[in-house]
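K.L.:
Just dropping this structure here.
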Amino acid sequence: MVRRIPRGKVATYGQVARLAGVANGARQVGYALHALREGTTVPWFRVLNAQGASSLRDGHDVTQRLLLEREGVRFRADGRVSLDLHGWRPRGRATPRAASRRASKDCGAS
DNA sequence: GCGGTGACGGTCG
DNA sequence: CCGACCGCCACCG
């Protein structure tokens, strides 16, 4: 599921769990991502908690922020991401503006 | 097998 | 809008 998150978008642990068919599996998603090896191709950094913040510690949250900013995700002054703005919507439910923005980014920007 | 723990989250105050 | 409180469930000692 995490691999399906488009560049420039973020999903929450709970969202990934539900999309994977697990109703209350947010913590398990975190556990699974925690078990990833260093050279993984899974875009783990696109997963944030429900508050739009990184759940990592010991400075690893900075790495996550860097990777996200690298693909255009903007962090607010409080260090959190607006899910309204960057949250991934598999069903494409969004404002016209968000839709056009997504179209341009998903289409190969980098 | 048991209890503590966590890259979480919905509810309440 | 925050913090505190549970509920959740796979791991681990």
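Chain identifiers are assigned as A, B, and so on, following the order in which chains appear in the structure tokens; residues are numbered from 1 within each chain, and ligands are numbered from 1 in order of appearance.
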Any idea which chain C residues end up within 10 Å of chain A if we count only C-alpha atoms (C1' of nucleotides), as a list of chain:residue names please?

P.N.:
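For chain C, the answer reads C:DG7, C:DC8, C:DC9, C:DA10, C:DC11.
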
K.L.:
Could you pull out the residues in chain A that DSSP calls strand (DSSP E or B) from the backbone, as a PDB file with C-alpha atoms, in the first residue's frame?

P.N.:
ATOM      1  CA  VAL A  10       1.441  11.602   2.163  1.00  0.00           C
ATOM      2  CA  ALA A  11      -0.818   9.079   3.873  1.00  0.00           C
ATOM      3  CA  THR A  12      -1.438   8.357   7.541  1.00  0.00           C
ATOM      4  CA  VAL A  47       3.583   7.951   5.903  1.00  0.00           C
ATOM      5  CA  LEU A  48       2.815  10.390   8.714  1.00  0.00           C
ATOM      6  CA  PHE A  75       5.794  21.774   6.077  1.00  0.00           C
ATOM      7  CA  VAL A  81       2.072  18.853   6.995  1.00  0.00           C
ATOM      8  CA  GLY A  87      -2.938  14.056   1.900  1.00  0.00           C
TER       9      GLY A  87
END

K.L.:
Select, as a PyMOL selection string, those residues of chain A with any atom no more than 12 Å from chain B (distances computed using only C-alpha atoms (C1' of nucleotides)).

P.N.:
chain A and resi 12-17+23-36+44-51+53-58+60-61+64

K.L.:
Provide the atom CA of A:Leu83 to atom CA of A:Val22 distance in Å, to one decimal place.

P.N.:
21.1 Å

K.L.:
Would you work out the distance separating atom CA of A:Arg3 from atom CA of A:Asp78, expressed in Å to one decimal?

P.N.:
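Atom-to-atom, atom CA of A:Arg3 to atom CA of A:Asp78, that is 27.3 Å.
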